[in-house]
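*Asks:* Quick one: structure below, then a few questions.
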Amino acid sequence: MVLGRIFMGFALLSTLVGIYNMIQIVNYLSSKGVKINWFLLRLKWFFYMSKYRELTVEETGDVGGFHRGYIISMLCSLVLAIAGAFLLNQ
């Protein structure tokens with residue numbers, strides 16, 4: 001039971017890291033002149049992610065760190081939340 005709560009806590013922490021990376025991606029795009037539609041941000045998120053990837057590859061030849069950070073943190077969050085929910089139900 002306690003281990004499930006710990007996993008859920010880490011899932012929440014990982015989600016917060018993903019949200020931080022999301023904010024940094026939007027800030028980067030805004031600084032490069034890309035218009036951000038705040039009302040439809042959740043619907044257009046994958047467009048913004050691909051635009052960020054495209055711009056960082058053009059600039060540095062590599063995908064930006066916030067892109068990797070977002071993907072990794074959200075995948076970790078998903079795995080930890082599933083494991084935590086499984087452990088809480090036992």
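Identifiers in this document derive from the order of the structure tokens: chains are assigned A, B, ..., residues are numbered from 1 separately in each chain, and ligands are numbered from 1 in order of occurrence.
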I need the residues of chain A that end up classed as helix (DSSP H, G or I) by DSSP on the backbone, written out as a ChimeraX atom specification.
*Replies:* /A:2-31,45-60,65-88
*Asks:* Quick one: everything within 10 Å of range 69-86 of chain A, counting only C-alpha atoms, minus sequence neighbours fewer than 3 positions away in the same chain. Send it as a ChimeraX atom specification.
*Replies:* /A:1-22,24-25,49,64-66,89-90
*Asks:* Restricting the output to N, CA and C atoms, write the selected residues as a PDB file, in the first residue's frame.
*Replies:*
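Writing done, so here's selection.pdb:
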```
ATOM      1  N   MET A   1       0.833  -1.198   0.000  1.00  0.00           N
ATOM      2  CA  MET A   1       0.000   0.000   0.000  1.00  0.00           C
ATOM      3  C   MET A   1       0.870   1.252   0.000  1.00  0.00           C
ATOM      4  N   VAL A   2       1.878   1.270   0.872  1.00  0.00           N
ATOM      5  CA  VAL A   2       2.745   2.443   0.963  1.00  0.00           C
ATOM      6  C   VAL A   2       3.574   2.600  -0.310  1.00  0.00           C
ATOM      7  N   LEU A   3       4.017   1.485  -0.873  1.00  0.00           N
ATOM      8  CA  LEU A   3       4.810   1.541  -2.094  1.00  0.00           C
ATOM      9  C   LEU A   3       3.987   2.115  -3.258  1.00  0.00           C
ATOM     10  N   GLY A   4       2.705   1.796  -3.288  1.00  0.00           N
ATOM     11  CA  GLY A   4       1.828   2.351  -4.322  1.00  0.00           C
ATOM     12  C   GLY A   4       1.703   3.859  -4.208  1.00  0.00           C
ATOM     13  N   ARG A   5       1.623   4.369  -3.004  1.00  0.00           N
ATOM     14  CA  ARG A   5       1.553   5.822  -2.803  1.00  0.00           C
ATOM     15  C   ARG A   5       2.865   6.498  -3.197  1.00  0.00           C
ATOM     16  N   ILE A   6       3.967   5.838  -2.919  1.00  0.00           N
ATOM     17  CA  ILE A   6       5.271   6.384  -3.318  1.00  0.00           C
ATOM     18  C   ILE A   6       5.355   6.467  -4.836  1.00  0.00           C
ATOM     19  N   PHE A   7       4.919   5.407  -5.512  1.00  0.00           N
ATOM     20  CA  PHE A   7       4.932   5.420  -6.978  1.00  0.00           C
ATOM     21  C   PHE A   7       4.028   6.525  -7.526  1.00  0.00           C
ATOM     22  N   MET A   8       2.866   6.701  -6.921  1.00  0.00           N
ATOM     23  CA  MET A   8       1.960   7.758  -7.372  1.00  0.00           C
ATOM     24  C   MET A   8       2.566   9.143  -7.131  1.00  0.00           C
ATOM     25  N   GLY A   9       3.274   9.300  -6.041  1.00  0.00           N
ATOM     26  CA  GLY A   9       3.959  10.567  -5.775  1.00  0.00           C
ATOM     27  C   GLY A   9       5.026  10.860  -6.821  1.00  0.00           C
ATOM     28  N   PHE A  10       5.791   9.835  -7.180  1.00  0.00           N
ATOM     29  CA  PHE A  10       6.799  10.022  -8.227  1.00  0.00           C
ATOM     30  C   PHE A  10       6.148  10.276  -9.586  1.00  0.00           C
ATOM     31  N   ALA A  11       4.986   9.673  -9.826  1.00  0.00           N
ATOM     32  CA  ALA A  11       4.257   9.936 -11.069  1.00  0.00           C
ATOM     33  C   ALA A  11       3.824  11.402 -11.127  1.00  0.00           C
ATOM     34  N   LEU A  12       3.351  11.915 -10.005  1.00  0.00           N
ATOM     35  CA  LEU A  12       2.961  13.326  -9.942  1.00  0.00           C
ATOM     36  C   LEU A  12       4.165  14.235 -10.164  1.00  0.00           C
ATOM     37  N   LEU A  13       5.280  13.909  -9.537  1.00  0.00           N
ATOM     38  CA  LEU A  13       6.502  14.687  -9.712  1.00  0.00           C
ATOM     39  C   LEU A  13       6.963  14.667 -11.170  1.00  0.00           C
ATOM     40  N   SER A  14       6.903  13.510 -11.791  1.00  0.00           N
ATOM     41  CA  SER A  14       7.284  13.389 -13.193  1.00  0.00           C
ATOM     42  C   SER A  14       6.347  14.195 -14.094  1.00  0.00           C
ATOM     43  N   THR A  15       5.070  14.224 -13.764  1.00  0.00           N
ATOM     44  CA  THR A  15       4.111  15.023 -14.524  1.00  0.00           C
ATOM     45  C   THR A  15       4.432  16.511 -14.404  1.00  0.00           C
ATOM     46  N   LEU A  16       4.805  16.953 -13.214  1.00  0.00           N
ATOM     47  CA  LEU A  16       5.171  18.361 -13.016  1.00  0.00           C
ATOM     48  C   LEU A  16       6.416  18.733 -13.812  1.00  0.00           C
ATOM     49  N   VAL A  17       7.372  17.810 -13.899  1.00  0.00           N
ATOM     50  CA  VAL A  17       8.560  18.049 -14.726  1.00  0.00           C
ATOM     51  C   VAL A  17       8.154  18.159 -16.195  1.00  0.00           C
ATOM     52  N   GLY A  18       7.222  17.331 -16.631  1.00  0.00           N
ATOM     53  CA  GLY A  18       6.727  17.403 -18.007  1.00  0.00           C
ATOM     54  C   GLY A  18       6.031  18.723 -18.295  1.00  0.00           C
ATOM     55  N   ILE A  19       5.267  19.218 -17.332  1.00  0.00           N
ATOM     56  CA  ILE A  19       4.592  20.507 -17.506  1.00  0.00           C
ATOM     57  C   ILE A  19       5.615  21.634 -17.582  1.00  0.00           C
ATOM     58  N   TYR A  20       6.678  21.547 -16.775  1.00  0.00           N
ATOM     59  CA  TYR A  20       7.760  22.544 -16.849  1.00  0.00           C
ATOM     60  C   TYR A  20       8.391  22.539 -18.241  1.00  0.00           C
ATOM     61  N   ASN A  21       8.665  21.346 -18.781  1.00  0.00           N
ATOM     62  CA  ASN A  21       9.238  21.255 -20.122  1.00  0.00           C
ATOM     63  C   ASN A  21       8.276  21.806 -21.169  1.00  0.00           C
ATOM     64  N   MET A  22       7.001  21.574 -20.983  1.00  0.00           N
ATOM     65  CA  MET A  22       5.982  22.092 -21.894  1.00  0.00           C
ATOM     66  C   MET A  22       5.991  23.621 -21.901  1.00  0.00           C
ATOM     67  N   GLN A  24       8.505  25.545 -21.118  1.00  0.00           N
ATOM     68  CA  GLN A  24       9.750  26.001 -21.727  1.00  0.00           C
ATOM     69  C   GLN A  24       9.694  25.898 -23.255  1.00  0.00           C
ATOM     70  N   ILE A  25       9.051  24.869 -23.772  1.00  0.00           N
ATOM     71  CA  ILE A  25       8.889  24.736 -25.223  1.00  0.00           C
ATOM     72  C   ILE A  25       8.049  25.882 -25.765  1.00  0.00           C
ATOM     73  N   MET A  49       5.067  20.742 -30.575  1.00  0.00           N
ATOM     74  CA  MET A  49       6.213  19.868 -30.313  1.00  0.00           C
ATOM     75  C   MET A  49       7.020  19.651 -31.589  1.00  0.00           C
ATOM     76  N   GLY A  64      16.078  19.523 -29.292  1.00  0.00           N
ATOM     77  CA  GLY A  64      16.231  20.270 -28.053  1.00  0.00           C
ATOM     78  C   GLY A  64      15.999  19.424 -26.811  1.00  0.00           C
ATOM     79  N   GLY A  65      16.630  19.820 -25.736  1.00  0.00           N
ATOM     80  CA  GLY A  65      16.545  19.075 -24.491  1.00  0.00           C
ATOM     81  C   GLY A  65      15.159  19.054 -23.879  1.00  0.00           C
ATOM     82  N   PHE A  66      14.393  20.107 -24.087  1.00  0.00           N
ATOM     83  CA  PHE A  66      13.052  20.142 -23.514  1.00  0.00           C
ATOM     84  C   PHE A  66      12.130  19.125 -24.187  1.00  0.00           C
ATOM     85  N   ASN A  89      -4.167  -1.332  -5.473  1.00  0.00           N
ATOM     86  CA  ASN A  89      -5.314  -2.242  -5.517  1.00  0.00           C
ATOM     87  C   ASN A  89      -5.031  -3.605  -4.908  1.00  0.00           C
ATOM     88  N   GLN A  90      -3.810  -3.845  -4.493  1.00  0.00           N
ATOM     89  CA  GLN A  90      -3.491  -5.156  -3.887  1.00  0.00           C
ATOM     90  C   GLN A  90      -3.749  -5.143  -2.414  1.00  0.00           C
TER      91      GLN A  90
END
```
*Asks:* Rounded to one decimal place, report the CA of Glu54 in chain A-CA of Phe39 in chain A distance in Å.
*Replies:*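 Atom-to-atom, CA of Glu54 in chain A and CA of Phe39 in chain A are spaced 22.9 Å apart.
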*Asks:* Using only C-alpha atoms, which of A:Leu87, A:Arg53, A:Val63, A:Glu58 sits nearest Val26 in chain A?
*Replies:*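 Closest to Val26 in chain A, using only C-alpha atoms: A:Arg53.
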*Asks:* May I ask for the distance between CA of Trp45 in chain A and CA of Thr60 in chain A, given in Å to one decimal place?
*Replies:*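 These two atoms are separated by 22.3 Å.
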